Amino acid sequence: MKKLTKLAAAALTGVALFIGSNAKAQTTPSSKLRFGIGLEAGVPTGNAHTSSNVDLGGTARLQYGTSDHFALTLTSGYYNFFGKDYTIGTTSVTGSSYGLVPLKAGMKAFFSDNVYFGAEAGAGFETSGAKNTKLILSPGLGWANKTWDIGVRYEDFSGQSNNYGFVGLRVAYGFVL
């Protein structure tokens, strides 16, 4: 399963590079900076699925348009994986929540009016437990206009033999700087 996840992330990144060279339109003109604040919600995958049912967080993203259909991104924020409730015998127990601070660089390739493919890579810094640093790979699809950015993506955190991730939705409000 881990190899399949990494293979899928690599394939989606390759598609992003191909689409980036054949892009059509973008809502941000080239040489313009945009800033967006987003709310994140996701369903944990991998090892996180055994200890959490949901992750919630917030991110800030800086975006620079290199052309009318391609942009570079820098994203950071905080993700919280809420602990699952367990029943052991007749006793209910709530598992521990854990957090992660992502720091990612990436790109957006607009292949239709307002529709883009995005890919990001970076590091995730765990804020509880072993406090490891994870490799992040994150392909996704989204829709953006001059104010709103709504995207769906898979985010994979790997390293130290504890690989997990989430399938998530980001809804963000943004503006030109």
# chains A, B, ... in the order shown; residues from 1 in each chain; ligands from 1
>>> closest_atom_pairs(of="region 95-170 of chain A", to="region 78-91 of chain A", cutoff="7 Å", atoms="only C-alpha atoms", output="tab-separated table")
residue	atom	partner	partner_atom	distance
A:Gly95	CA	A:Gly83	CA	4.3
A:Ser96	CA	A:Gly83	CA	4.8
A:Ser97	CA	A:Gly83	CA	4.4
A:Tyr98	CA	A:Phe81	CA	5.3
A:Gly99	CA	A:Asn80	CA	4.4
A:Leu100	CA	A:Tyr79	CA	5.3
A:Val101	CA	A:Tyr78	CA	4.6
A:Pro102	CA	A:Tyr78	CA	6.6
>>> residues_around(residues="region 36-40 of chain A", least_positions_apart="3", cutoff="9 Å", atoms="only C-alpha atoms", output="count of residues only")
23
>>> select_by_dssp(residues="region 12-165 of chain A", states="strand (DSSP E or B)", output="ChimeraX atom specification")
/A:33-46,52-67,70-83,85-88,91-94,98-112,115-126,133-144,148-158,164-165
>>> select_by_dssp(residues="region 9-126 of chain A", states="alpha helix (DSSP H)", output="list of chain:residue names")
A:Ala9, A:Ala10, A:Ala11, A:Leu12, A:Thr13, A:Gly14, A:Val15, A:Ala16, A:Leu17, A:Phe18, A:Ile19, A:Gly20
>>> residues_around(residues="Leu137 (chain A)", least_positions_apart="3", cutoff="7 Å", atoms="only C-alpha atoms", output="ChimeraX atom specification")
/A:9,120-122,155-157
